[in-house]
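Source file: upload-v4.cif (mmCIF, C-alpha atoms)
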```
data_protein
#
loop_
_atom_site.label_atom_id
_atom_site.label_comp_id
_atom_site.auth_asym_id
_atom_site.auth_seq_id
_atom_site.Cartn_x
_atom_site.Cartn_y
_atom_site.Cartn_z
CA MET K 1 147.03 116.64 107.96
CA ASP K 2 148.12 115.38 111.34
CA TYR K 3 147.41 111.82 112.49
CA ARG K 4 146.82 110.42 115.95
CA ASN K 5 146.50 106.96 117.37
CA LEU K 6 142.90 106.03 118.01
CA GLY K 7 142.88 105.69 121.76
CA ALA K 8 145.43 103.13 122.94
CA SER K 9 145.28 101.22 119.66
CA GLY K 10 147.79 101.13 116.84
CA LEU K 11 145.26 102.53 114.35
CA ARG K 12 146.38 105.97 113.19
CA VAL K 13 143.57 108.27 112.11
CA PRO K 14 143.53 111.81 110.71
CA VAL K 15 142.59 114.57 113.14
CA LEU K 16 139.72 115.38 110.80
CA SER K 17 137.48 112.64 109.45
CA PHE K 18 134.49 112.84 107.13
CA GLY K 19 130.93 112.06 108.17
CA ALA K 20 128.93 110.52 105.33
CA GLY K 21 125.51 111.17 106.86
CA THR K 22 124.72 113.45 103.91
CA PHE K 23 125.25 110.64 101.40
CA GLY K 24 122.00 109.38 99.91
CA GLY K 25 120.00 111.41 102.40
CA SER K 26 116.30 110.69 102.77
CA GLY K 27 113.60 111.13 105.40
CA PRO K 28 112.90 114.06 107.76
CA LEU K 29 116.30 113.95 109.49
CA PHE K 30 118.85 112.68 106.98
CA GLY K 31 117.12 114.31 104.04
CA ALA K 32 117.60 117.66 105.78
CA TRP K 33 121.31 116.90 106.21
CA GLY K 34 121.79 116.46 102.46
CA ASN K 35 121.24 113.99 99.63
CA THR K 36 124.65 113.63 98.01
CA ASP K 37 124.63 111.10 95.16
CA ALA K 38 127.48 108.75 94.23
CA GLN K 39 129.07 111.06 91.68
CA GLU K 40 129.21 114.04 94.02
CA ALA K 41 130.27 111.79 96.89
CA ARG K 42 133.21 110.58 94.85
CA ARG K 43 134.26 114.20 94.31
CA LEU K 44 134.07 114.91 98.06
CA VAL K 45 136.10 111.78 98.78
CA ASP K 46 138.68 112.98 96.22
CA ILE K 47 139.03 116.30 98.06
CA CYS K 48 139.31 114.54 101.43
CA LEU K 49 142.04 112.20 100.23
CA GLU K 50 143.96 115.08 98.66
CA ALA K 51 143.92 116.78 102.07
CA GLY K 52 144.94 113.62 103.93
CA VAL K 53 141.49 112.82 105.34
CA ASN K 54 141.16 109.06 104.86
CA LEU K 55 138.64 108.10 107.58
CA PHE K 56 134.99 108.06 106.53
CA ASP K 57 132.22 107.51 109.07
CA THR K 58 128.71 106.23 108.38
CA ALA K 59 126.02 103.99 109.94
CA ASP K 60 123.45 101.44 108.87
CA VAL K 61 120.67 103.67 110.17
CA TYR K 62 121.68 106.64 107.99
CA SER K 63 118.97 106.84 105.33
CA ALA K 64 118.18 103.12 105.74
CA GLY K 65 121.63 102.05 104.56
CA ALA K 66 121.82 104.41 101.59
CA SER K 67 124.73 106.30 103.15
CA GLU K 68 126.79 103.09 103.28
CA GLU K 69 125.84 102.25 99.71
CA VAL K 70 126.84 105.65 98.34
CA LEU K 71 130.07 105.65 100.34
CA GLY K 72 130.88 102.20 98.97
CA GLN K 73 130.39 103.47 95.42
CA ALA K 74 132.46 106.59 96.10
CA ILE K 75 135.50 104.62 97.32
CA ARG K 76 135.31 101.86 94.73
CA GLY K 77 138.72 101.03 93.33
CA ARG K 78 140.63 102.61 96.23
CA ARG K 79 139.58 100.60 99.27
CA ASP K 80 143.14 100.29 100.56
CA ALA K 81 143.48 104.10 100.61
CA VAL K 82 140.62 104.66 103.06
CA LEU K 83 139.47 103.72 106.55
CA ILE K 84 135.78 102.91 106.96
CA SER K 85 133.94 103.43 110.22
CA THR K 86 130.33 102.37 110.48
CA LYS K 87 127.85 101.83 113.29
CA THR K 88 125.01 99.49 114.19
CA ALA K 89 122.53 98.90 117.06
CA LEU K 90 119.73 101.39 116.41
CA PRO K 91 116.48 100.07 114.89
CA THR K 92 116.52 99.54 111.11
CA GLY K 93 113.10 97.89 110.96
CA GLU K 94 110.09 96.79 112.98
CA GLY K 95 111.09 93.18 113.63
CA PRO K 96 112.52 91.82 116.89
CA GLN K 97 115.88 91.17 115.22
CA ASP K 98 116.07 94.64 113.64
CA TRP K 99 117.56 96.42 116.64
CA GLY K 100 120.12 95.96 119.39
CA THR K 101 123.43 94.11 119.60
CA SER K 102 122.49 90.48 120.14
CA ARG K 103 124.74 87.88 118.52
CA ALA K 104 122.23 87.31 115.72
CA ARG K 105 121.73 91.01 115.07
CA LEU K 106 125.45 91.89 115.13
CA ILE K 107 126.40 89.16 112.70
CA ARG K 108 123.53 89.98 110.34
CA ALA K 109 124.12 93.72 110.56
CA THR K 110 127.84 93.35 109.87
CA GLU K 111 127.23 91.16 106.83
CA ALA K 112 124.66 93.63 105.51
CA ALA K 113 127.01 96.59 106.03
CA LEU K 114 129.84 94.77 104.23
CA SER K 115 127.52 94.16 101.29
CA ARG K 116 126.31 97.77 101.10
CA LEU K 117 129.84 99.13 101.41
CA GLY K 118 131.17 96.72 98.80
CA THR K 119 134.08 95.57 100.96
CA ASP K 120 135.16 92.46 102.84
CA TYR K 121 136.25 94.23 106.02
CA ILE K 122 135.34 97.21 108.18
CA ASP K 123 138.17 99.13 109.81
CA LEU K 124 136.12 100.30 112.80
CA LEU K 125 132.71 98.98 113.84
CA GLN K 126 131.01 101.00 116.57
CA LEU K 127 127.93 100.14 118.57
CA HIS K 128 125.60 103.09 117.99
CA ALA K 129 123.94 102.76 121.40
CA PHE K 130 124.07 100.56 124.50
CA ASP K 131 121.72 97.56 124.38
CA ALA K 132 120.68 96.89 127.97
CA SER K 133 118.77 93.76 126.93
CA THR K 134 121.87 91.87 125.76
CA PRO K 135 124.64 90.74 128.15
CA VAL K 136 127.90 92.55 127.45
CA GLU K 137 129.67 89.16 127.32
CA GLU K 138 127.46 88.10 124.40
CA VAL K 139 128.18 91.37 122.58
CA LEU K 140 131.93 91.16 123.14
CA SER K 141 132.24 87.47 122.26
CA THR K 142 130.41 88.13 119.00
CA LEU K 143 132.69 91.05 118.19
CA ASP K 144 135.66 88.83 119.04
CA GLY K 145 134.50 86.33 116.44
CA LEU K 146 134.01 89.04 113.82
CA VAL K 147 137.50 90.39 114.50
CA SER K 148 139.02 86.89 114.36
CA SER K 149 137.31 86.25 111.02
CA GLY K 150 138.84 89.43 109.57
CA LYS K 151 135.51 91.14 108.96
CA ILE K 152 136.25 93.85 111.55
CA ARG K 153 139.63 95.33 112.46
CA TYR K 154 138.77 97.49 115.51
CA VAL K 155 135.70 98.01 117.69
CA GLY K 156 134.26 101.04 119.42
CA VAL K 157 131.03 102.51 120.75
CA SER K 158 128.96 105.66 120.43
CA ASN K 159 126.78 107.54 122.90
CA PHE K 160 127.50 105.23 125.86
CA ALA K 161 127.17 106.34 129.46
CA GLY K 162 130.28 106.03 131.59
CA TRP K 163 129.12 102.94 133.48
CA GLU K 164 128.07 101.22 130.27
CA LEU K 165 131.47 101.73 128.69
CA MET K 166 133.40 100.80 131.83
CA LYS K 167 131.34 97.64 132.35
CA SER K 168 132.12 96.60 128.78
CA LEU K 169 135.84 97.36 129.12
CA ALA K 170 136.03 95.37 132.36
CA ALA K 171 134.33 92.37 130.74
CA ALA K 172 136.69 92.57 127.76
CA GLU K 173 139.67 92.59 130.11
CA ARG K 174 138.30 89.70 132.13
CA HIS K 175 137.62 87.43 129.16
CA GLY K 176 140.36 88.55 126.76
CA TYR K 177 137.94 90.04 124.22
CA PRO K 178 138.82 93.02 121.98
CA ARG K 179 138.61 96.30 123.89
CA TYR K 180 136.72 99.30 122.63
CA VAL K 181 139.30 101.81 121.38
CA ALA K 182 136.92 104.57 120.26
CA HIS K 183 133.93 106.41 121.65
CA GLN K 184 132.00 108.52 119.16
CA VAL K 185 130.61 111.37 121.23
CA TYR K 186 128.88 114.70 121.00
CA TYR K 187 131.30 117.45 122.01
CA SER K 188 131.40 121.12 121.10
CA LEU K 189 131.92 124.57 122.55
CA ALA K 190 128.17 124.64 123.12
CA GLY K 191 128.06 121.15 124.65
CA ARG K 192 130.87 120.18 127.01
CA ASP K 193 129.16 117.39 128.99
CA TYR K 194 131.66 114.91 127.56
CA GLU K 195 134.25 116.40 129.92
CA TRP K 196 132.54 115.43 133.19
CA GLU K 197 132.92 111.65 133.10
CA LEU K 198 133.59 110.29 129.63
CA MET K 199 136.79 112.26 129.04
CA PRO K 200 138.46 111.12 132.29
CA LEU K 201 137.33 107.57 131.52
CA GLY K 202 138.79 107.78 128.03
CA ALA K 203 142.08 109.13 129.33
CA ASP K 204 142.32 106.41 131.97
CA GLN K 205 141.27 103.51 129.75
CA GLY K 206 142.82 104.51 126.43
CA VAL K 207 139.57 105.18 124.57
CA GLY K 208 139.88 107.88 121.92
CA ALA K 209 137.06 110.30 121.15
CA LEU K 210 135.63 110.61 117.66
CA VAL K 211 133.65 113.84 117.90
CA TRP K 212 130.30 114.13 116.16
CA SER K 213 128.50 117.44 115.58
CA PRO K 214 131.48 119.67 116.45
CA LEU K 215 129.41 122.68 115.34
CA ALA K 216 126.61 121.95 117.81
CA TRP K 217 124.08 120.64 115.30
CA GLY K 218 124.72 123.53 112.91
CA ARG K 219 124.59 126.28 115.53
CA LEU K 220 128.28 127.24 115.31
CA THR K 221 128.38 127.94 111.60
CA GLY K 222 128.62 131.70 112.05
CA LYS K 223 125.12 132.22 110.68
CA ILE K 224 123.21 132.16 113.97
CA ARG K 225 123.55 135.16 116.27
CA ARG K 226 121.66 136.98 118.99
CA GLY K 227 118.77 139.10 117.74
CA GLN K 228 118.67 137.49 114.30
CA PRO K 229 116.18 134.94 112.98
CA LEU K 230 117.33 131.52 111.85
CA PRO K 231 118.52 131.64 108.23
CA ALA K 232 115.92 130.27 105.86
CA ALA K 233 118.34 127.57 104.68
CA SER K 234 119.22 126.35 108.18
CA ARG K 235 118.48 122.67 108.77
CA LEU K 236 117.57 123.56 112.37
CA HIS K 237 114.06 124.39 111.17
CA GLU K 238 113.50 120.68 110.49
CA THR K 239 115.99 118.90 112.74
CA ALA K 240 116.44 120.84 116.00
CA GLN K 241 114.29 118.35 117.91
CA TYR K 242 116.63 115.49 116.98
CA GLY K 243 119.85 117.12 118.16
CA PRO K 244 121.46 117.94 121.50
CA PRO K 245 119.83 120.71 123.56
CA VAL K 246 121.60 124.06 123.56
CA ASP K 247 120.95 127.08 125.76
CA ASP K 248 120.38 129.94 123.31
CA GLU K 249 121.79 132.70 125.50
CA LYS K 250 124.92 130.67 126.21
CA LEU K 251 125.20 129.95 122.50
CA PHE K 252 125.00 133.63 121.59
CA ASP K 253 127.74 134.46 124.12
CA ILE K 254 129.98 131.79 122.60
CA VAL K 255 129.31 133.00 119.06
CA ALA K 256 130.21 136.56 120.07
CA VAL K 257 133.66 135.40 121.22
CA LEU K 258 134.04 133.25 118.10
CA ASP K 259 133.18 136.29 115.97
CA ALA K 260 135.79 138.38 117.73
CA ILE K 261 138.51 135.76 117.30
CA ALA K 262 137.51 135.26 113.68
CA GLU K 263 137.97 138.96 113.02
CA GLU K 264 141.35 138.95 114.77
CA THR K 265 142.70 135.84 113.04
CA GLY K 266 141.07 135.86 109.62
CA ARG K 267 139.67 132.38 110.29
CA THR K 268 136.01 131.42 110.05
CA VAL K 269 133.77 130.67 113.01
CA PRO K 270 133.51 126.94 112.16
CA GLN K 271 137.28 126.65 111.73
CA ILE K 272 137.87 128.15 115.17
CA ALA K 273 135.24 125.94 116.82
CA ILE K 274 136.77 122.79 115.28
CA ASN K 275 140.35 123.84 116.04
CA TRP K 276 139.44 124.33 119.72
CA LEU K 277 138.25 120.72 119.86
CA LEU K 278 141.50 119.44 118.35
CA GLY K 279 143.36 120.73 121.39
CA ARG K 280 141.16 118.93 123.91
CA PRO K 281 142.34 115.82 125.79
CA THR K 282 141.44 112.35 124.41
CA VAL K 283 140.19 113.72 121.06
CA SER K 284 141.53 111.49 118.30
CA SER K 285 139.51 112.88 115.39
CA VAL K 286 136.77 115.42 114.76
CA ILE K 287 134.13 114.31 112.25
CA ILE K 288 133.26 117.03 109.77
CA GLY K 289 130.36 116.96 107.35
CA ALA K 290 129.63 118.83 104.16
CA ARG K 291 126.82 119.03 101.68
CA ASN K 292 129.05 120.47 98.99
CA GLU K 293 132.65 121.17 98.05
CA GLU K 294 132.63 124.71 99.44
CA GLN K 295 131.59 123.56 102.93
CA LEU K 296 134.14 120.76 102.87
CA ARG K 297 137.05 122.99 101.89
CA GLN K 298 136.11 125.51 104.57
CA ASN K 299 136.04 122.83 107.28
CA LEU K 300 139.36 121.42 106.09
CA GLY K 301 140.81 124.85 106.88
CA ALA K 302 140.45 124.07 110.59
CA VAL K 303 143.88 122.36 110.60
CA GLY K 304 147.43 123.54 109.94
CA TRP K 305 147.38 126.30 112.56
CA SER K 306 146.72 126.70 116.28
CA LEU K 307 144.75 129.02 118.49
CA SER K 308 146.84 131.09 120.89
CA LYS K 309 146.74 130.44 124.63
CA ASP K 310 144.76 133.63 125.10
CA GLU K 311 142.20 132.68 122.44
CA ILE K 312 141.79 129.23 123.98
CA ALA K 313 141.34 130.77 127.43
CA ARG K 314 138.61 133.08 126.12
CA LEU K 315 136.76 130.21 124.49
CA ASP K 316 137.15 128.04 127.60
CA ALA K 317 135.74 130.80 129.79
CA VAL K 318 132.72 131.71 127.68
CA SER K 319 131.73 128.07 127.10
CA ALA K 320 132.23 126.87 130.68
CA VAL K 321 129.21 125.63 132.61
CA THR K 322 128.77 124.32 136.13
CA ALA K 323 129.28 120.57 136.25
CA PRO K 324 126.35 118.51 137.60
CA TYR K 325 126.58 116.44 140.78
CA PRO K 326 128.70 114.52 141.67
CA TYR K 327 131.28 116.35 139.57
CA PHE K 328 131.02 119.95 140.72
CA PRO K 329 132.75 119.46 144.12
CA TYR K 330 135.84 118.21 142.29
CA ARG K 331 135.99 121.50 140.41
CA ARG K 332 134.99 123.84 143.21
CA GLN K 333 136.56 122.51 146.40
CA GLU K 334 140.30 122.26 146.95
CA GLY K 335 140.19 118.96 148.80
CA PHE K 336 138.23 117.23 146.04
CA ALA K 337 140.34 118.82 143.29
CA ARG K 338 143.56 117.66 144.93
CA LEU K 339 142.36 114.06 144.73
CA ASN K 340 141.35 114.41 141.08
CA PRO K 341 143.41 117.05 139.24
CA PRO K 342 141.95 118.22 135.92
CA ILE K 343 142.99 116.49 132.70
CA VAL K 344 145.33 118.61 130.60
#
```

In C-alpha cells, what does this structure look like?
Amino acid sequence: MDYRNLGASGLRVPVLSFGAGTFGGSGPLFGAWGNTDAQEARRLVDICLEAGVNLFDTADVYSAGASEEVLGQAIRGRRDAVLISTKTALPTGEGPQDWGTSRARLIRATEAALSRLGTDYIDLLQLHAFDASTPVEEVLSTLDGLVSSGKIRYVGVSNFAGWELMKSLAAAERHGYPRYVAHQVYYSLAGRDYEWELMPLGADQGVGALVWSPLAWGRLTGKIRRGQPLPAASRLHETAQYGPPVDDEKLFDIVAVLDAIAEETGRTVPQIAINWLLGRPTVSSVIIGARNEEQLRQNLGAVGWSLSKDEIARLDAVSAVTAPYPYFPYRRQEGFARLNPPIV
C-alpha cells in the first residue's frame, strides 16, 4: 500500500481507504448499501489492516449513528493502529440544533461521535455540507477549540462549492484557525465535474481529495452495460435517486473501454476505474466500500500496478465532457489556456 500526505498536512493516509457506510445499515438508502454487523465489520477491518488500509471513513448521519457505533466496536483494542474520519452537518433529527455547523451543534455532534466510536479523539473531522446560516468564523473558531482540546487532529470538508471552500480557507488564514486539509468529493470516470474548479483550488491551496463513490454509485462495477437490464441485486433499483446523475449513453461508452482494458490486462472493471483515479492530481485517497470480503479483496486489487499511458489516454478520451461556463474557454481557446495551463 502506498501512502500520501493528506493535502498540505503532515497526515499520511493510504491511497485506498475504507468507507464504513455499510456498517449497521438501515433505512431506504443505507440499508440498501449493506447492514454489516460488528463481527463481520471486525473481519473487514482485519483484511484492510493486513493490506495497509488504516483509514476508515464514516459519518453521524450514516444509519443514525449506527455506522460509527459498529466501526467503534470493530476497531476496539487497536485504536492506535487506525485513522478515523467522520463527518457532521447534515440533519440527524427534527430539532433546530440537529443540523448545521453552529458552535453548539459542532461541539455536541463531536462529543456524540466520540461516544459512539468509543474513542477520545477523531483523526479527521469533516463538515458534511456547507452551512450558509452560520458564519464561517464561528465554525472555524469552534473547530480551533476542538483541535486545541485534542478531540480532533485535522479538519476537512465534503461537498463544498469552490467559493464556500475558498471563503473558509481565507478566514482560517486571516484569523490563524486550522485550515481544511481534505475535501471529500464525488469523482469518477463517469463524473469528472471535480476537475473544473475544485481540483485547481485543491492544488493551489493544498487541499487533498478523498474520493467518494469512485465507481459512480455502483455503475462501474462491470455489471451494467448497454442493452442489458440492471442486475436484480443492484442497489441502483432503490438508491439511484440519491446519487449523482449519470448520462447512460456516456456510461455505456466508458464501460466498453473499461471492458476492453480489462480483457487486455486481466484486471477487473472496478480495479481499472479506481486505479485511474489514483493517477489524478490532488487525489490523496480513494474511499472503497464493500458489503463482504470478496468485494473488499477485489477492490484492494486496484493498487500495486499502473495503467499504461495509452490506457489512461483511452479512458481520458472516452470520459471527457465539455466543461460548463466559465471553464470551457480555458480548455478550448489558446489565449485562455496559456493563462491557465492544465493541472498535470

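Distances here use all atoms listed in the file; by that measure, the residue among K:Tyr187, K:Tyr121, K:Tyr154, K:Trp196 closest to K:Arg12 is K:Tyr154.
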
List the neighbours of stretch 258-270 of chain K out to 9 Å using all atoms listed in the file; skip same-chain residues closer than 3 positions along the sequence, and give me the result as a CSV table (one decimal) with C-alpha atoms, keeping the file's coordinate frame.
```
chain,number,residue,atom,x,y,z
K,214,PRO,CA,131.5,119.7,116.4
K,215,LEU,CA,129.4,122.7,115.3
K,220,LEU,CA,128.3,127.2,115.3
K,221,THR,CA,128.4,127.9,111.6
K,222,GLY,CA,128.6,131.7,112.0
K,253,ASP,CA,127.7,134.5,124.1
K,254,ILE,CA,130.0,131.8,122.6
K,255,VAL,CA,129.3,133.0,119.1
K,273,ALA,CA,135.2,125.9,116.8
K,274,ILE,CA,136.8,122.8,115.3
K,275,ASN,CA,140.4,123.8,116.0
K,298,GLN,CA,136.1,125.5,104.6
K,299,ASN,CA,136.0,122.8,107.3
K,301,GLY,CA,140.8,124.8,106.9
K,302,ALA,CA,140.4,124.1,110.6
K,307,LEU,CA,144.8,129.0,118.5
K,311,GLU,CA,142.2,132.7,122.4
K,315,LEU,CA,136.8,130.2,124.5
```

Please enumerate the residues selected by the PyMOL selection byres ((chain K and resi 54) around 9) when evaluated against the supplied file, formatted as a VMD selection string. chain K and resid 13 to 14 16 to 18 45 48 to 49 51 to 53 55 to 56 81 to 84

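Excluding stretch 136-143 of chain K and any residue on its chain fewer than 6 positions from it, the residues at most 8 Å away by all atoms listed in the file are K:Thr101, K:Ser102, K:Arg103, K:Leu106, K:Ile107, K:Val155, K:Lys167, K:Ser168, K:Ala171, K:Ala172, K:Tyr177, K:Pro178.
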
Quick one: everything within 9 Å of K:Arg314, counting all atoms listed in the file, minus sequence neighbours fewer than 5 positions away in the same chain. Send it as an mmCIF file with C-alpha atoms, keeping the file's coordinate frame.
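For reference, part_22.cif as written:
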```cif
data_model
loop_
_atom_site.group_PDB
_atom_site.id
_atom_site.type_symbol
_atom_site.label_atom_id
_atom_site.label_comp_id
_atom_site.auth_asym_id
_atom_site.auth_seq_id
_atom_site.Cartn_x
_atom_site.Cartn_y
_atom_site.Cartn_z
ATOM 1 C CA VAL K 257 133.660 135.400 121.220
ATOM 2 C CA LYS K 309 146.740 130.440 124.630
ATOM 3 C CA SER K 319 131.730 128.070 127.100
#
```

Write out as a compact mmCIF listing (two decimals) with C-alpha atoms, keeping the file's coordinate frame each polymer residue whose atoms come within 12 Å of K:Ala64, counting all atoms listed in the file; drop sequence neighbours fewer than 4 positions from it.
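Done, and the output landed in part_18.txt:
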```
# COMPACT_ATOMS: atom_id res chain seq x y z
CA GLY K 21 125.51 111.17 106.86
CA PHE K 23 125.25 110.64 101.40
CA GLY K 24 122.00 109.38 99.91
CA GLY K 25 120.00 111.41 102.40
CA SER K 26 116.30 110.69 102.77
CA GLY K 27 113.60 111.13 105.40
CA LEU K 29 116.30 113.95 109.49
CA PHE K 30 118.85 112.68 106.98
CA GLY K 31 117.12 114.31 104.04
CA THR K 58 128.71 106.23 108.38
CA ALA K 59 126.02 103.99 109.94
CA ASP K 60 123.45 101.44 108.87
CA GLU K 68 126.79 103.09 103.28
CA GLU K 69 125.84 102.25 99.71
CA VAL K 70 126.84 105.65 98.34
CA THR K 88 125.01 99.49 114.19
CA LEU K 90 119.73 101.39 116.41
CA PRO K 91 116.48 100.07 114.89
CA THR K 92 116.52 99.54 111.11
CA GLY K 93 113.10 97.89 110.96
CA ASP K 98 116.07 94.64 113.64
CA ALA K 112 124.66 93.63 105.51
CA ALA K 113 127.01 96.59 106.03
CA ARG K 116 126.31 97.77 101.10
```

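Note that the spacing between atom CA of K:Ala216 and atom CA of K:Leu169 amounts to 28.6 Å.
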
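Distance annotation: of K:Gly218, K:Pro244, K:Gly206, K:Pro229, the residue with the minimal separation from K:Leu6 is K:Gly206; atom set is all atoms listed in the file.
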
Just want the 10 Å neighbourhood of K:Arg192, counted on only C-alpha atoms, with same-chain residues fewer than 6 positions away dropped. Output as a VMD selection string. chain K and resid 186 319 to 321 323

Tell me, in Å to one decimal, how far atom CA of K:Val15 is from atom CA of K:Gly304. 10.7 Å

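Comparing the minimum interatomic distances between K:Trp305 and each of K:Ala190, K:Ile288, K:Leu339, K:Met1, counting all atoms listed in the file, we find that K:Met1 sits nearest.
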
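Atom CA of K:Asp144 is found 24.5 Å from atom CA of K:Arg4.
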
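Evaluated on this file, the PyMOL selection byres ((chain K and resi 324) around 12) matches Arg192, Asp193, Tyr194, Glu195, Trp196, Glu197, Val321, Thr322, Ala323, Tyr325, Pro326, Tyr327, Phe328, Pro329, Tyr330, Arg331 and Arg332 of chain K.
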
Would you output that residue set with C-alpha atoms, as an mmCIF file, in the frame of the given file?
```cif
data_model
loop_
_atom_site.group_PDB
_atom_site.id
_atom_site.type_symbol
_atom_site.label_atom_id
_atom_site.label_comp_id
_atom_site.auth_asym_id
_atom_site.auth_seq_id
_atom_site.Cartn_x
_atom_site.Cartn_y
_atom_site.Cartn_z
ATOM 1 C CA ARG K 192 130.870 120.180 127.010
ATOM 2 C CA ASP K 193 129.160 117.390 128.990
ATOM 3 C CA TYR K 194 131.660 114.910 127.560
ATOM 4 C CA GLU K 195 134.250 116.400 129.920
ATOM 5 C CA TRP K 196 132.540 115.430 133.190
ATOM 6 C CA GLU K 197 132.920 111.650 133.100
ATOM 7 C CA VAL K 321 129.210 125.630 132.610
ATOM 8 C CA THR K 322 128.770 124.320 136.130
ATOM 9 C CA ALA K 323 129.280 120.570 136.250
ATOM 10 C CA TYR K 325 126.580 116.440 140.780
ATOM 11 C CA PRO K 326 128.700 114.520 141.670
ATOM 12 C CA TYR K 327 131.280 116.350 139.570
ATOM 13 C CA PHE K 328 131.020 119.950 140.720
ATOM 14 C CA PRO K 329 132.750 119.460 144.120
ATOM 15 C CA TYR K 330 135.840 118.210 142.290
ATOM 16 C CA ARG K 331 135.990 121.500 140.410
ATOM 17 C CA ARG K 332 134.990 123.840 143.210
#
```

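If only C-alpha atoms are the atoms counted, then among K:Phe252, K:Val207, K:Asn159, K:Gln39 the closest residue to K:Gln228 is K:Phe252.
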
Quick one: residues within 8 Å of (138.0, 118.0, 118.9) (file frame), counting only C-alpha atoms, please, as a tab-separated table (two decimals) with C-alpha atoms, keeping the file's coordinate frame.
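Written file, part_21.tsv:
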```
chain	number	residue	atom	x	y	z
K	187	TYR	CA	131.30	117.45	122.01
K	188	SER	CA	131.40	121.12	121.10
K	210	LEU	CA	135.63	110.61	117.66
K	211	VAL	CA	133.65	113.84	117.90
K	214	PRO	CA	131.48	119.67	116.45
K	274	ILE	CA	136.77	122.79	115.28
K	275	ASN	CA	140.35	123.84	116.04
K	276	TRP	CA	139.44	124.33	119.72
K	277	LEU	CA	138.25	120.72	119.86
K	278	LEU	CA	141.50	119.44	118.35
K	279	GLY	CA	143.36	120.73	121.39
K	280	ARG	CA	141.16	118.93	123.91
K	283	VAL	CA	140.19	113.72	121.06
K	284	SER	CA	141.53	111.49	118.30
K	285	SER	CA	139.51	112.88	115.39
K	286	VAL	CA	136.77	115.42	114.76
```

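Closest approach to K:Lys250 among K:Ala317, K:Val185, K:Val344, K:Val303: K:Ala317, based on all atoms listed in the file.
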
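The set of residues that the PyMOL selection byres ((chain K and resi 127) around 9) takes from this file is Thr86, Lys87, Thr88, Ala89, Leu90, Gly100, Thr101, Leu125, Gln126, His128, Ala129, Phe130, Asp131, Val155, Gly156, Val157, Ser158, Asn159 and Phe160 of chain K.
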
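Take the candidates K:Glu334, K:Glu294, K:Glu94, K:Asp316 and check each one against K:Ile47 using only C-alpha atoms; the shortest distance goes to K:Glu294.
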